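*Asks:* The structure that follows is given in the form of structure tokens.
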Amino acid sequence: MSDRSGFIRYVRRLLVATLTMTGLLLPAMSAAAAPDALWANRGDTAPRIFQGRGFDTCQAPDLATMSAWRASTAYRAVGIYFGGRARACKSQLHLTTDWVRQTTADGWSLLPIYVGSQSPCVNGTNKNPYRIDPLLAAAQGGTEGGDALAAAKALGLGKGSPLYLDMEAYDIQDADCAAATLAFVRGWDREVQAAGYLAGFYSSADSGIRHMETARRAGVGDLPDVVWYARWGVDATLTDEPVLAADAWASHARIHQYTGSVTETHGGKQLTVDRDLIDAPVAIVD
């Protein structure tokens, strides 16, 4: 009888672990220090990991909306567009140090997003004015990494925080363009990581994420610590993304943006958002 009970407990633990990894059973909110993460701690601060559901939206919502959504949804993480010359919502009316402190005090976890220069072969025409200079790609990446650090610190986002570089879809079959884009990303990563922060990377699964995975398999250094992949119209998953090997960014280092541009109303407050499944670092607020 004891053997049977032990076996049942083992099966239950295995089932819970499997459901959690597939995203079918994730807590509404789980954020904790992760000193055992695969990437080295930056400075003296361990990354803080969030597991659960989140959203990102162009304009940081006002505090009343954040409070209403906190009370009436399972979302507990929010992406904030804190800087970058290609950021669509350049005027962030509500995004201040007070907003950052208040939202985190209320239980929100923050995913800081920086939309800097875009690939020379970016697909979206609205990003064409902000393309990387192929002749200066690495240096440009470093300079914009410094700008991201300054903007993050101004908001009170401390060491150990991830800064997610947003690189919209681009033509990875264009070898010269891909090389310039990778040089920029690596320059940005080096600058951010040297300052004690984590380098995150957001892109479409079939362009930027595939590109980073190809570079990883080739042994390229200075790659992102965390990947945030956009693949819409599929089930939310942190384990079954086809362009990523099972062991790629496997330890608290993935976000799946699985639906985009959907309008939701909660607590009488309406937002247009992208939906995200998260097992990744979030901001540490000073």
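Scheme for the structure tokens: letters A, B, ... for chains in order shown; per-chain residue numbers from 1; ligand numbers from 1 in order shown.
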If you run DSSP on the backbone here, which positions in range 96-226 of chain A get helix (DSSP H, G or I)? Please write them as a PyMOL selection string.
*Replies:* chain A and resi 97-105+125-130+134-154+175-194+205-217
*Asks:* As an exercise, work out the distance from CA of Arg231 in chain A to CA of Gly208 in chain A in Å and give it to one decimal place.
*Replies:*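 Result for CA of Arg231 in chain A versus CA of Gly208 in chain A: 11.7 Å, one decimal.
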*Asks:* Find the residue from A:Cys89, A:Leu111, A:Ala46, A:Ile255 that sits nearest to Ala77 in chain A; use only C-alpha atoms when measuring.
*Replies:*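 Once distances to Ala77 in chain A are computed over only C-alpha atoms, the minimum belongs to A:Leu111.
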*Asks:* Out of A:Gly156, A:Pro120, A:Pro224, A:Gly141, which residue has the shortest atom-to-atom distance to Ala175 in chain A when counting only C-alpha atoms?
*Replies:* A:Pro120
*Asks:* When distances are computed from only C-alpha atoms, which of A:Val227, A:Met66, A:Val234, A:Leu136 shows the smallest separation from His266 in chain A?
*Replies:* A:Met66
*Asks:* Measuring atom to atom with only C-alpha atoms, identify which of A:Leu223, A:Val78, A:Val282, A:Ala236 is nearest to His252 in chain A.
*Replies:*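 Residue with the minimum atom-to-atom distance to His252 in chain A: A:Val282.
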*Asks:* Distance CA of Gln257 in chain A-CA of Cys177 in chain A, one decimal place?
*Replies:*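 Spanning CA of Gln257 in chain A to CA of Cys177 in chain A is a straight-line distance of 24.9 Å.
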*Asks:* Taking the DSSP assignment computed from this structure's backbone, write out as a list in words all residues of range 96-218 of chain A that belong to strand (DSSP E).
*Replies:*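 Reading the DSSP output for range 96-218 of chain A, strand (DSSP E) covers Ser109, Leu110, Leu111, Pro112, Ile113, Tyr114, Pro162, Leu163, Tyr164, Leu165, Asp166, Leu198, Ala199, Gly200, Phe201, Tyr202, Ser203 and Ser204 of chain A.
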*Asks:* Export, as a CSV table (one decimal), in the first residue's frame, the selected residues with all heavy atoms.
*Replies:*
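selection.csv written:
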```
chain,number,residue,atom,x,y,z
A,109,SER,N,4.6,42.8,-12.0
A,109,SER,CA,6.0,42.6,-12.4
A,109,SER,C,6.1,43.3,-13.8
A,109,SER,O,5.2,43.3,-14.6
A,109,SER,CB,6.3,41.1,-12.6
A,109,SER,OG,6.3,40.5,-11.3
A,110,LEU,N,7.3,43.9,-14.0
A,110,LEU,CA,7.5,44.8,-15.2
A,110,LEU,C,8.5,44.1,-16.1
A,110,LEU,O,9.6,43.6,-15.7
A,110,LEU,CB,8.0,46.2,-14.8
A,110,LEU,CG,7.1,46.9,-13.7
A,110,LEU,CD1,7.7,48.3,-13.5
A,110,LEU,CD2,5.7,47.0,-14.2
A,111,LEU,N,8.2,44.2,-17.4
A,111,LEU,CA,9.1,43.8,-18.5
A,111,LEU,C,9.5,45.0,-19.3
A,111,LEU,O,8.8,45.5,-20.2
A,111,LEU,CB,8.4,42.8,-19.4
A,111,LEU,CG,7.8,41.5,-18.7
A,111,LEU,CD1,6.8,40.8,-19.6
A,111,LEU,CD2,9.0,40.5,-18.4
A,112,PRO,N,10.7,45.5,-19.1
A,112,PRO,CA,11.1,46.8,-19.7
A,112,PRO,C,11.5,46.5,-21.2
A,112,PRO,O,12.4,45.7,-21.5
A,112,PRO,CB,12.3,47.2,-18.9
A,112,PRO,CG,12.3,46.4,-17.7
A,112,PRO,CD,11.7,45.1,-18.0
A,113,ILE,N,10.9,47.2,-22.1
A,113,ILE,CA,11.2,47.0,-23.6
A,113,ILE,C,11.8,48.3,-24.2
A,113,ILE,O,11.3,49.4,-24.0
A,113,ILE,CB,9.8,46.7,-24.3
A,113,ILE,CG1,9.1,45.5,-23.6
A,113,ILE,CG2,10.1,46.4,-25.8
A,113,ILE,CD1,7.7,45.4,-24.1
A,114,TYR,N,12.9,48.0,-24.9
A,114,TYR,CA,13.6,49.1,-25.6
A,114,TYR,C,13.5,48.9,-27.1
A,114,TYR,O,14.0,47.9,-27.6
A,114,TYR,CB,15.1,49.2,-25.1
A,114,TYR,CG,15.9,50.3,-25.7
A,114,TYR,CD1,16.0,51.5,-25.0
A,114,TYR,CD2,16.6,50.1,-26.9
A,114,TYR,CE1,16.7,52.6,-25.5
A,114,TYR,CE2,17.4,51.2,-27.4
A,114,TYR,CZ,17.5,52.4,-26.7
A,114,TYR,OH,18.2,53.4,-27.2
A,162,PRO,N,16.1,42.7,-16.4
A,162,PRO,CA,16.3,42.5,-17.9
A,162,PRO,C,15.9,43.8,-18.6
A,162,PRO,O,14.9,44.4,-18.3
A,162,PRO,CB,15.3,41.4,-18.1
A,162,PRO,CG,14.2,41.6,-17.2
A,162,PRO,CD,14.8,42.3,-15.9
A,163,LEU,N,16.6,44.0,-19.7
A,163,LEU,CA,16.2,45.1,-20.7
A,163,LEU,C,15.9,44.4,-22.0
A,163,LEU,O,16.9,43.8,-22.5
A,163,LEU,CB,17.2,46.2,-20.8
A,163,LEU,CG,17.6,46.8,-19.5
A,163,LEU,CD1,18.7,47.9,-19.7
A,163,LEU,CD2,16.4,47.4,-18.7
A,164,TYR,N,14.7,44.4,-22.5
A,164,TYR,CA,14.4,43.6,-23.7
A,164,TYR,C,14.5,44.5,-24.9
A,164,TYR,O,13.7,45.4,-25.1
A,164,TYR,CB,13.0,43.1,-23.5
A,164,TYR,CG,12.9,42.0,-22.5
A,164,TYR,CD1,12.5,42.3,-21.2
A,164,TYR,CD2,13.1,40.7,-22.8
A,164,TYR,CE1,12.4,41.3,-20.2
A,164,TYR,CE2,13.0,39.7,-21.8
A,164,TYR,CZ,12.7,40.0,-20.5
A,164,TYR,OH,12.6,39.0,-19.5
A,165,LEU,N,15.4,44.2,-25.8
A,165,LEU,CA,15.6,44.8,-27.1
A,165,LEU,C,14.6,44.3,-28.1
A,165,LEU,O,14.5,43.2,-28.4
A,165,LEU,CB,17.0,44.6,-27.6
A,165,LEU,CG,17.4,45.2,-29.0
A,165,LEU,CD1,17.3,46.7,-28.9
A,165,LEU,CD2,18.7,44.7,-29.4
A,166,ASP,N,13.8,45.3,-28.6
A,166,ASP,CA,12.7,44.9,-29.6
A,166,ASP,C,13.3,45.1,-31.0
A,166,ASP,O,13.6,46.2,-31.4
A,166,ASP,CB,11.5,45.9,-29.3
A,166,ASP,CG,10.3,45.6,-30.2
A,166,ASP,OD1,10.5,45.2,-31.4
A,166,ASP,OD2,9.2,45.8,-29.8
A,198,LEU,N,20.5,42.3,-17.4
A,198,LEU,CA,20.3,41.2,-18.3
A,198,LEU,C,19.9,41.7,-19.7
A,198,LEU,O,19.1,42.6,-19.8
A,198,LEU,CB,19.3,40.2,-17.8
A,198,LEU,CG,19.6,39.5,-16.5
A,198,LEU,CD1,18.4,38.7,-16.0
A,198,LEU,CD2,20.8,38.6,-16.6
A,199,ALA,N,20.4,41.1,-20.7
A,199,ALA,CA,20.1,41.5,-22.1
A,199,ALA,C,19.0,40.5,-22.6
A,199,ALA,O,19.2,39.4,-22.8
A,199,ALA,CB,21.3,41.4,-23.0
A,200,GLY,N,17.8,41.1,-22.8
A,200,GLY,CA,16.7,40.4,-23.4
A,200,GLY,C,16.6,40.7,-24.9
A,200,GLY,O,17.1,41.7,-25.3
A,201,PHE,N,15.8,39.9,-25.6
A,201,PHE,CA,15.7,40.1,-27.0
A,201,PHE,C,14.3,39.7,-27.4
A,201,PHE,O,13.9,38.5,-27.2
A,201,PHE,CB,16.7,39.3,-27.8
A,201,PHE,CG,16.6,39.5,-29.3
A,201,PHE,CD1,17.1,40.6,-29.9
A,201,PHE,CD2,16.1,38.5,-30.1
A,201,PHE,CE1,17.1,40.8,-31.3
A,201,PHE,CE2,16.1,38.6,-31.5
A,201,PHE,CZ,16.6,39.8,-32.1
A,202,TYR,N,13.5,40.6,-28.0
A,202,TYR,CA,12.2,40.3,-28.5
A,202,TYR,C,12.2,40.4,-30.1
A,202,TYR,O,12.8,41.3,-30.6
A,202,TYR,CB,11.2,41.3,-28.0
A,202,TYR,CG,9.9,41.3,-28.8
A,202,TYR,CD1,8.8,40.5,-28.4
A,202,TYR,CD2,9.7,42.1,-30.0
A,202,TYR,CE1,7.6,40.4,-29.2
A,202,TYR,CE2,8.5,42.0,-30.7
A,202,TYR,CZ,7.5,41.2,-30.3
A,202,TYR,OH,6.4,41.1,-31.1
A,203,SER,N,11.6,39.4,-30.7
A,203,SER,CA,11.5,39.5,-32.2
A,203,SER,C,10.4,38.4,-32.6
A,203,SER,O,10.0,37.6,-31.8
A,203,SER,CB,12.8,39.2,-32.9
A,203,SER,OG,12.7,39.5,-34.3
A,204,SER,N,10.1,38.4,-33.9
A,204,SER,CA,9.3,37.3,-34.4
A,204,SER,C,10.0,36.0,-34.4
A,204,SER,O,11.3,36.0,-34.6
A,204,SER,CB,8.8,37.6,-35.8
A,204,SER,OG,9.9,37.6,-36.7
```
*Asks:* Write out as a list in words which residues come within 6 Å of Ala280 in chain A when counting only C-alpha atoms, dropping same-chain ones fewer than 2 positions away.
*Replies:* Ile49, Phe50, His252, Ala253, Arg254 and Ile278 of chain A
*Asks:* Choose the residue, out of A:Arg186, A:Lys90, A:Lys127, A:Lys159, that has the smallest atom-to-atom separation from Thr143 in chain A; count only C-alpha atoms.
*Replies:* A:Arg186
*Asks:* Pick out the closest residue to Ala246 in chain A from this set: A:Gly268, A:Asp286, A:Glu213, A:Gly219. Count only C-alpha atoms.
*Replies:*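 For Ala246 in chain A, the nearest of the given residues is A:Glu213.
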*Asks:* Using only C-alpha atoms, I'd like a table of the residues in range 87-160 of chain A that come within 7 Å of range 188-193 of chain A; for each, show the closest atom pair and its distance in Å rounded to one decimal, ordered by chain and ascending number, as JSON lines.
*Replies:*
```
{"residue": "A:Gly141", "atom": "CA", "partner": "A:Trp188", "partner_atom": "CA", "distance": 4.3}
{"residue": "A:Gly142", "atom": "CA", "partner": "A:Trp188", "partner_atom": "CA", "distance": 4.6}
{"residue": "A:Glu144", "atom": "CA", "partner": "A:Trp188", "partner_atom": "CA", "distance": 6.6}
{"residue": "A:Gly145", "atom": "CA", "partner": "A:Trp188", "partner_atom": "CA", "distance": 4.6}
{"residue": "A:Gly146", "atom": "CA", "partner": "A:Glu191", "partner_atom": "CA", "distance": 6.4}
{"residue": "A:Leu149", "atom": "CA", "partner": "A:Val192", "partner_atom": "CA", "distance": 6.7}
```
*Asks:* Could you please take those selected residues and save N, CA and C atoms as a PDB file, in the first residue's frame?
*Replies:*
```pdb
ATOM      1  N   GLY A 141      25.134  49.618 -31.636  1.00  0.00           N
ATOM      2  CA  GLY A 141      24.493  48.791 -30.623  1.00  0.00           C
ATOM      3  C   GLY A 141      24.977  49.147 -29.227  1.00  0.00           C
ATOM      4  N   GLY A 142      26.274  49.362 -29.082  1.00  0.00           N
ATOM      5  CA  GLY A 142      26.816  49.735 -27.787  1.00  0.00           C
ATOM      6  C   GLY A 142      26.294  51.078 -27.309  1.00  0.00           C
ATOM      7  N   GLU A 144      23.462  52.548 -28.150  1.00  0.00           N
ATOM      8  CA  GLU A 144      22.051  52.454 -27.783  1.00  0.00           C
ATOM      9  C   GLU A 144      21.856  51.607 -26.528  1.00  0.00           C
ATOM     10  N   GLY A 145      22.760  50.668 -26.283  1.00  0.00           N
ATOM     11  CA  GLY A 145      22.729  49.956 -25.015  1.00  0.00           C
ATOM     12  C   GLY A 145      22.954  50.903 -23.849  1.00  0.00           C
ATOM     13  N   GLY A 146      23.878  51.851 -24.039  1.00  0.00           N
ATOM     14  CA  GLY A 146      24.102  52.868 -23.013  1.00  0.00           C
ATOM     15  C   GLY A 146      22.894  53.749 -22.800  1.00  0.00           C
ATOM     16  N   LEU A 149      20.402  51.833 -20.742  1.00  0.00           N
ATOM     17  CA  LEU A 149      20.781  51.814 -19.334  1.00  0.00           C
ATOM     18  C   LEU A 149      20.403  53.119 -18.639  1.00  0.00           C
TER      19      LEU A 149
END
```
*Asks:* Find the residues near Gly124 in chain A: any atom within 9 Å, counting only C-alpha atoms, skip ones fewer than 6 places away on the same chain, and give them as a count of residues only.
*Replies:* 3
*Asks:* Counting only C-alpha atoms, what are the residues of range 124-201 of chain A within 12 Å of range 92-107 of chain A, and for each of them which pair of atoms is the nearest and at what distance in Å, to one decimal? Sort the table by chain and rising number, as a tab-separated table.
*Replies:*
```
residue	atom	partner	partner_atom	distance
A:Ala151	CA	A:Thr96	CA	10.7
A:Ala152	CA	A:Thr97	CA	9.9
A:Lys153	CA	A:Thr97	CA	9.6
A:Ala154	CA	A:Thr97	CA	7.4
A:Leu155	CA	A:Thr97	CA	4.7
A:Gly156	CA	A:Thr97	CA	6.1
A:Leu157	CA	A:Val100	CA	8.5
A:Gly158	CA	A:Val100	CA	11.7
```
*Asks:* Filtering to N, CA and C atoms, could you give me those residues as a short mmCIF file (atom, residue, chain, number, x, y, z; two decimals), in the first residue's frame?
*Replies:*
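Listed below is the output, out-v9.cif:
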```cif
data_model
loop_
_atom_site.label_atom_id
_atom_site.label_comp_id
_atom_site.auth_asym_id
_atom_site.auth_seq_id
_atom_site.Cartn_x
_atom_site.Cartn_y
_atom_site.Cartn_z
N ALA A 151 18.06 55.24 -19.47
CA ALA A 151 16.60 55.34 -19.35
C ALA A 151 16.07 54.42 -18.26
N ALA A 152 16.66 53.22 -18.15
CA ALA A 152 16.22 52.28 -17.12
C ALA A 152 16.53 52.81 -15.73
N LYS A 153 17.73 53.32 -15.56
CA LYS A 153 18.12 53.84 -14.25
C LYS A 153 17.26 55.04 -13.85
N ALA A 154 16.89 55.85 -14.83
CA ALA A 154 16.06 57.02 -14.55
C ALA A 154 14.69 56.63 -14.02
N LEU A 155 14.23 55.43 -14.38
CA LEU A 155 12.94 54.94 -13.90
C LEU A 155 13.06 54.13 -12.62
N GLY A 156 14.28 53.95 -12.14
CA GLY A 156 14.48 53.17 -10.93
C GLY A 156 14.57 51.68 -11.16
N LEU A 157 14.91 51.26 -12.38
CA LEU A 157 15.08 49.85 -12.69
C LEU A 157 16.53 49.48 -12.43
N GLY A 158 16.76 48.65 -11.42
CA GLY A 158 18.10 48.41 -10.95
C GLY A 158 18.82 47.25 -11.58
#
```
